[in-house]
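*Asks:* Dumping the structure here so I can ask a few things about it.
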Amino acid sequence: MAVEVVQFLVRKFVDSLPEEASDAELAFSAHFYDVKAELEKAAISPANADELRVCLYELDDLLAECRMLARRPKTPAGCFSPSEAWRSNKAKKRVVAVKRRVLQCVQSDSSDHAAALEDRAAAGFSRWTTSWLEEGRIHGFDQQLAELEVMAFGDCASDGGLTGVGIVGMAGVGKTALAQLVFNSPRARCRFFPRIWVCLSRTACAGADVRKEVLQSMLMALGLEEEVILTMDGGNSLAEMVLAVHEHLKGKRYLIVFDDVWDVDGWYADVVGCQNASPTGDEWAERLAFGLPKEKGGVVVVTSRLPQAAEKMVGKSNSHRVRPLADGESYWAIFMDAFSKERQPATDLTIVNNMKDEIVETCGGLPSAAKTLGEIFARSLSAPASTSSQELSKNK
């Protein structure tokens, strides 16, 4: 099924761009059209399907963000505001990085594909997530959400200490969705301010520059202007930024999500520890934990496919392994949400309804698979009438 899923995602991306490379509502359009040209002639195989699938999900997110940036009104001088300029610069870096990854995938044969995957970090590629929650489109997590809220929030009347929660599990099982539900829950909104979402990736331990990007993201979320953040660029800039994060969080009950953690070194380790640490001078640069005050009862949530990565950041005591959804109706609801969003109004639902049991079984315990299948079936049933039920069965 992997190849069919990628073929669908390629069609979706290609169809989302006009024929002419002059999309006025798309920032950095030249890069997107370069990718489109490569994908239209690419041979998709089991060797490159998994990596291309990740790239295409990222491209889908980037298209939406870049079109939004292009529509934003500019200042009279024709420039973005400082915060929008910051976002534009980050978006451009992500577009260039994912373009490089796509080129590596489609231009590499199976013999050197493994080597190309090892270059992923060097290319600066990272999966990107946000705290945004698509209301009504996350199903089946009520019980697990309740368990996580007990772990994270405990007795809401108590203060003191920093609580760490790890959310672990295989790809596509719903770790980010659960973190989004916790982040946006009424209890979190009422109890914590600020709430900060930081997306990490395989490159999260590549060196000091990435550490700075993590801290810069946190400082932006805390309301610092880009000009102020960029002044922290001297020899002890890392220490200066950790101290700045600490000062802006001091005295506040905050919630921070570090999503999609792949690896940690000593700088990221035990962010809920160091309760009585009193660093001075350059010592501030030694630990991310020094930037997180512990006195007001904050919460740090870490999601990762690797249990050891989450445990190293927040400890073993509060770790939740995400369970596959227990009932087929949850997968069916996710499938139908995606299917309804993509399908044409006149689409006949008979074929889909008759295949419900097969579709639910094909999901294999992964909510992300249900979503992708819904998009595939919607596109297939919207194709010309010559599309046969045998073709749909191949997509399973």
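In the structure tokens, each chain is lettered A, B, ... as it comes, each chain's residues begin at 1, and ligands are numbered from 1 in order of appearance.
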Name the residues in contact with region 34-45 of chain A at a cut-off of 9 Å, using only C-alpha atoms, excluding same-chain residues fewer than 2 positions from it; report them as an MDAnalysis selection string.
*Replies:* chainID A and resid 2:3 6:7 10:11 13:14 17 29:32 47:49 52 99:100 102:103 106:107 110
*Asks:* Print the selection's residues with C-alpha atoms to a file, as a PDB file, in the first residue's frame.
*Replies:*
```
ATOM      1  CA  ALA A   2       2.930   2.373   0.625  1.00  0.00           C
ATOM      2  CA  VAL A   3       3.532   3.092  -3.064  1.00  0.00           C
ATOM      3  CA  VAL A   6       2.627   8.129  -2.124  1.00  0.00           C
ATOM      4  CA  GLN A   7       1.200   8.167  -5.657  1.00  0.00           C
ATOM      5  CA  VAL A  10       1.986  13.210  -5.348  1.00  0.00           C
ATOM      6  CA  ARG A  11      -1.208  13.730  -7.373  1.00  0.00           C
ATOM      7  CA  PHE A  13       0.427  18.061  -4.451  1.00  0.00           C
ATOM      8  CA  VAL A  14       0.739  18.398  -8.240  1.00  0.00           C
ATOM      9  CA  LEU A  17      -0.403  24.002  -8.097  1.00  0.00           C
ATOM     10  CA  SER A  29       6.760  29.459  -5.608  1.00  0.00           C
ATOM     11  CA  ALA A  30       9.868  28.658  -7.705  1.00  0.00           C
ATOM     12  CA  HIS A  31      10.941  25.995  -5.183  1.00  0.00           C
ATOM     13  CA  PHE A  32       7.494  24.392  -5.177  1.00  0.00           C
ATOM     14  CA  ALA A  47      12.765   1.948  -1.767  1.00  0.00           C
ATOM     15  CA  ASN A  48      11.797   5.630  -1.686  1.00  0.00           C
ATOM     16  CA  ALA A  49       8.078   5.534  -0.771  1.00  0.00           C
ATOM     17  CA  LEU A  52       8.698  10.594  -0.005  1.00  0.00           C
ATOM     18  CA  LYS A  99      13.024  20.336  -1.807  1.00  0.00           C
ATOM     19  CA  ARG A 100      16.523  18.946  -1.250  1.00  0.00           C
ATOM     20  CA  VAL A 102      12.677  15.200  -2.485  1.00  0.00           C
ATOM     21  CA  LEU A 103      15.472  15.567  -5.031  1.00  0.00           C
ATOM     22  CA  VAL A 106      13.762  10.710  -6.691  1.00  0.00           C
ATOM     23  CA  GLN A 107      17.307  10.911  -8.008  1.00  0.00           C
ATOM     24  CA  SER A 110      17.757   1.653  -4.395  1.00  0.00           C
TER      25      SER A 110
END
```
*Asks:* Taking only C-alpha atoms into account, name the residue in A:Cys55, A:Leu62, A:Ala378, A:Val360 that is nearest to Cys105 (chain A).
*Replies:*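 Closest residue, counting only C-alpha atoms: A:Cys55.
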*Asks:* Against region 361-369 of chain A, which residues of region 125-240 of chain A fall within 9 Å? For each one I want the closest pair of atoms and the distance in Å (one decimal), counting only C-alpha atoms, rows by chain and increasing residue number, as a Markdown table.
*Replies:*
```
| residue | atom | partner | partner_atom | distance |
| --- | --- | --- | --- | --- |
| A:Ile138 | CA | A:Pro367 | CA | 8.9 |
| A:His139 | CA | A:Pro367 | CA | 8.7 |
| A:Met170 | CA | A:Leu366 | CA | 9.0 |
| A:Ala171 | CA | A:Leu366 | CA | 8.3 |
| A:Gly172 | CA | A:Ser368 | CA | 5.0 |
| A:Val173 | CA | A:Leu366 | CA | 4.9 |
| A:Gly174 | CA | A:Pro367 | CA | 6.6 |
```
*Asks:* May I have the residues within 10 Å of Ala277 (chain A) as a VMD selection string, using only C-alpha atoms and disregarding those fewer than 6 positions away in the same chain?
*Replies:* chain A and resid 289 to 290 293 to 294
*Asks:* Name the residues of region 312-394 of chain A that come out as helix (DSSP H, G or I) in a backbone DSSP run; write them as a PyMOL selection string.
*Replies:* chain A and resi 312-314+328-342+350-354+356-362+367-381+389-394
*Asks:* Store the residues picked out above, limited to C-alpha atoms, as a PDB file, in the first residue's frame.
*Replies:*
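Result written to part_30.pdb:
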```pdb
ATOM      1  CA  LYS A 312      15.969  11.025  29.271  1.00  0.00           C
ATOM      2  CA  MET A 313      14.177  14.380  29.094  1.00  0.00           C
ATOM      3  CA  VAL A 314      11.387  13.893  31.657  1.00  0.00           C
ATOM      4  CA  GLY A 328     -13.289   0.140  14.675  1.00  0.00           C
ATOM      5  CA  GLU A 329     -15.832   2.945  14.830  1.00  0.00           C
ATOM      6  CA  SER A 330     -13.091   5.422  15.756  1.00  0.00           C
ATOM      7  CA  TYR A 331     -11.094   4.465  12.663  1.00  0.00           C
ATOM      8  CA  TRP A 332     -14.251   4.676  10.573  1.00  0.00           C
ATOM      9  CA  ALA A 333     -14.982   8.175  11.920  1.00  0.00           C
ATOM     10  CA  ILE A 334     -11.431   9.320  11.062  1.00  0.00           C
ATOM     11  CA  PHE A 335     -11.721   7.735   7.611  1.00  0.00           C
ATOM     12  CA  MET A 336     -15.092   9.376   6.931  1.00  0.00           C
ATOM     13  CA  ASP A 337     -13.863  12.794   8.113  1.00  0.00           C
ATOM     14  CA  ALA A 338     -10.990  12.673   5.624  1.00  0.00           C
ATOM     15  CA  PHE A 339     -13.186  11.148   2.926  1.00  0.00           C
ATOM     16  CA  SER A 340     -15.923  13.779   3.332  1.00  0.00           C
ATOM     17  CA  LYS A 341     -13.411  16.620   3.286  1.00  0.00           C
ATOM     18  CA  GLU A 342     -11.927  15.503  -0.058  1.00  0.00           C
ATOM     19  CA  THR A 350     -22.290   2.803  -1.699  1.00  0.00           C
ATOM     20  CA  ILE A 351     -18.859   1.357  -2.538  1.00  0.00           C
ATOM     21  CA  VAL A 352     -17.245   2.849   0.543  1.00  0.00           C
ATOM     22  CA  ASN A 353     -20.007   1.744   2.910  1.00  0.00           C
ATOM     23  CA  ASN A 354     -19.892  -1.797   1.505  1.00  0.00           C
ATOM     24  CA  LYS A 356     -16.283  -0.604   5.738  1.00  0.00           C
ATOM     25  CA  ASP A 357     -14.988  -3.772   7.427  1.00  0.00           C
ATOM     26  CA  GLU A 358     -12.101  -4.134   4.974  1.00  0.00           C
ATOM     27  CA  ILE A 359     -11.155  -0.467   5.333  1.00  0.00           C
ATOM     28  CA  VAL A 360     -11.123  -0.628   9.136  1.00  0.00           C
ATOM     29  CA  GLU A 361      -8.994  -3.788   9.024  1.00  0.00           C
ATOM     30  CA  THR A 362      -6.556  -2.154   6.597  1.00  0.00           C
ATOM     31  CA  PRO A 367      -5.252   6.623  12.971  1.00  0.00           C
ATOM     32  CA  SER A 368      -2.945   8.199  10.379  1.00  0.00           C
ATOM     33  CA  ALA A 369      -3.617   5.253   8.049  1.00  0.00           C
ATOM     34  CA  ALA A 370      -7.378   5.818   8.373  1.00  0.00           C
ATOM     35  CA  LYS A 371      -6.940   9.475   7.427  1.00  0.00           C
ATOM     36  CA  THR A 372      -4.765   8.672   4.408  1.00  0.00           C
ATOM     37  CA  LEU A 373      -7.144   5.951   3.207  1.00  0.00           C
ATOM     38  CA  GLY A 374     -10.053   8.404   3.416  1.00  0.00           C
ATOM     39  CA  GLU A 375      -8.206  10.865   1.187  1.00  0.00           C
ATOM     40  CA  ILE A 376      -7.240   8.124  -1.282  1.00  0.00           C
ATOM     41  CA  PHE A 377     -10.778   6.775  -1.612  1.00  0.00           C
ATOM     42  CA  ALA A 378     -12.259  10.254  -1.996  1.00  0.00           C
ATOM     43  CA  ARG A 379      -9.874  11.053  -4.819  1.00  0.00           C
ATOM     44  CA  SER A 380     -10.395   7.649  -6.464  1.00  0.00           C
ATOM     45  CA  LEU A 381     -14.188   7.901  -6.396  1.00  0.00           C
ATOM     46  CA  SER A 389     -13.778  -1.123  -7.768  1.00  0.00           C
ATOM     47  CA  GLN A 390     -10.788  -3.331  -8.566  1.00  0.00           C
ATOM     48  CA  GLU A 391      -8.646  -0.178  -8.734  1.00  0.00           C
ATOM     49  CA  LEU A 392      -9.945   0.900  -5.326  1.00  0.00           C
ATOM     50  CA  SER A 393      -9.082  -2.488  -3.877  1.00  0.00           C
ATOM     51  CA  LYS A 394      -5.495  -2.045  -5.077  1.00  0.00           C
TER      52      LYS A 394
END
```
*Asks:* Can you pull out every residue within 6 Å of region 304-307 of chain A, counting only C-alpha atoms, but drop anything in the same chain fewer than 4 positions away, and send it as a PyMOL selection string?
*Replies:* chain A and resi 168-170+260-261
*Asks:* Write out as a ChimeraX atom specification which residues come within 9 Å of Gln180 (chain A) when counting only C-alpha atoms, dropping same-chain ones fewer than 2 positions away.
*Replies:* /A:130-133,175-178,182-185,257
*Asks:* Limited to N, CA and C atoms, could you put the picked residues into a file as a compact mmCIF listing (two decimals), in the first residue's frame?
*Replies:*
```txt
# COMPACT_ATOMS: atom_id res chain seq x y z
N THR A 130 2.37 21.63 14.71
CA THR A 130 1.95 22.82 15.45
C THR A 130 0.96 22.40 16.53
N SER A 131 0.61 23.35 17.38
CA SER A 131 -0.36 23.09 18.45
C SER A 131 -1.79 23.15 17.95
N TRP A 132 -1.97 23.55 16.67
CA TRP A 132 -3.31 23.74 16.15
C TRP A 132 -4.10 22.45 16.17
N LEU A 133 -5.33 22.51 16.69
CA LEU A 133 -6.18 21.33 16.84
C LEU A 133 -7.38 21.46 15.93
N LYS A 175 0.52 10.21 18.72
CA LYS A 175 1.24 10.92 19.79
C LYS A 175 1.01 12.43 19.72
N THR A 176 1.21 13.00 18.53
CA THR A 176 1.02 14.44 18.37
C THR A 176 -0.42 14.84 18.61
N ALA A 177 -1.36 14.03 18.14
CA ALA A 177 -2.79 14.33 18.36
C ALA A 177 -3.10 14.38 19.85
N LEU A 178 -2.57 13.43 20.62
CA LEU A 178 -2.80 13.45 22.07
C LEU A 178 -2.17 14.67 22.72
N VAL A 182 -4.06 17.59 24.90
CA VAL A 182 -3.64 18.05 26.23
C VAL A 182 -3.38 19.56 26.20
N PHE A 183 -2.65 20.01 25.20
CA PHE A 183 -2.25 21.41 25.08
C PHE A 183 -3.46 22.34 25.00
N ASN A 184 -4.51 21.89 24.31
CA ASN A 184 -5.69 22.74 24.08
C ASN A 184 -6.87 22.42 25.00
N SER A 185 -6.66 21.53 25.97
CA SER A 185 -7.76 21.15 26.86
C SER A 185 -8.19 22.34 27.72
N VAL A 257 5.27 21.91 25.28
CA VAL A 257 5.29 20.64 24.58
C VAL A 257 6.52 20.61 23.66
```
*Asks:* Do a neighbour search on Val245 (chain A) at 9 Å with only C-alpha atoms, toss out local chain neighbours closer than 5 positions, and write the hits as number ranges by chain.
*Replies:* A: 215, 218-219, 222, 240, 250, 291-292
*Asks:* Excluding same-chain residues fewer than 4 positions from Glu147 (chain A), what lies within 12 Å of it counting only C-alpha atoms, as a list in words?
*Replies:* Phe141, Asp142, Gln143, Met151, Ala152, Phe153, Gly154, Val165, Ile167, Leu178, Val182, Asn318, Ser319, His320, Arg321, Val322 and Arg323 of chain A
*Asks:* Can you write just those residues out, C-alpha atoms, as a CSV table (one decimal), in the first residue's frame?
*Replies:*
```
chain,number,residue,atom,x,y,z
A,141,PHE,CA,-8.7,9.2,22.5
A,142,ASP,CA,-11.1,10.2,25.4
A,143,GLN,CA,-9.8,7.6,27.8
A,151,MET,CA,-0.4,12.6,34.9
A,152,ALA,CA,0.2,16.1,33.7
A,153,PHE,CA,-2.1,18.2,35.8
A,154,GLY,CA,-2.6,16.1,39.0
A,165,VAL,CA,5.2,13.7,30.9
A,167,ILE,CA,4.1,10.3,25.2
A,178,LEU,CA,-2.8,13.4,22.1
A,182,VAL,CA,-3.6,18.1,26.2
A,318,ASN,CA,5.4,9.6,33.9
A,319,SER,CA,5.5,7.9,30.6
A,320,HIS,CA,2.4,7.0,28.6
A,321,ARG,CA,2.6,4.6,25.7
A,322,VAL,CA,-0.1,5.5,23.2
A,323,ARG,CA,-2.4,2.5,22.6
```
*Asks:* Looking only at the backbone, which of the residues in region 104-350 of chain A does DSSP tag as strand (DSSP E), as a list in words?
*Replies:*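 Reading the DSSP output for region 104-350 of chain A, strand (DSSP E) covers Thr163, Gly164, Val165, Gly166, Ile167, Val168, Arg195, Ile196, Trp197, Val198, Cys199, Leu255, Ile256, Val257, Phe258, Asp259, Asp260, Val261, Val299, Val300, Val301, Val302, Thr303, Ser304, Ser319, His320 and Arg321 of chain A.
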*Asks:* Smallest atom-to-atom distance to Phe193 (chain A): which of A:Gly166, A:Pro324, A:Gly298, A:Pro279, using only C-alpha atoms?
*Replies:*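 Distance minimum relative to Phe193 (chain A) lands on A:Gly298.
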*Asks:* Measuring between only C-alpha atoms, which one of A:Arg67, A:Lys212, A:Tyr254, A:Val301 shows the shortest distance to Leu148 (chain A)?
*Replies:*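 Closest residue, counting only C-alpha atoms: A:Val301.
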*Asks:* Using only C-alpha atoms, find the one residue out of A:Val302, A:Leu230, A:Val271, A:Val198 that sits nearest to Thr129 (chain A).
*Replies:*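 Among the listed residues, A:Val198 lies closest to Thr129 (chain A).
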*Asks:* What is the CA of Leu162 (chain A)-CA of Val299 (chain A) distance in Å, reported with one decimal?
*Replies:*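 CA of Val299 (chain A) lies at a distance of 5.6 Å from CA of Leu162 (chain A).
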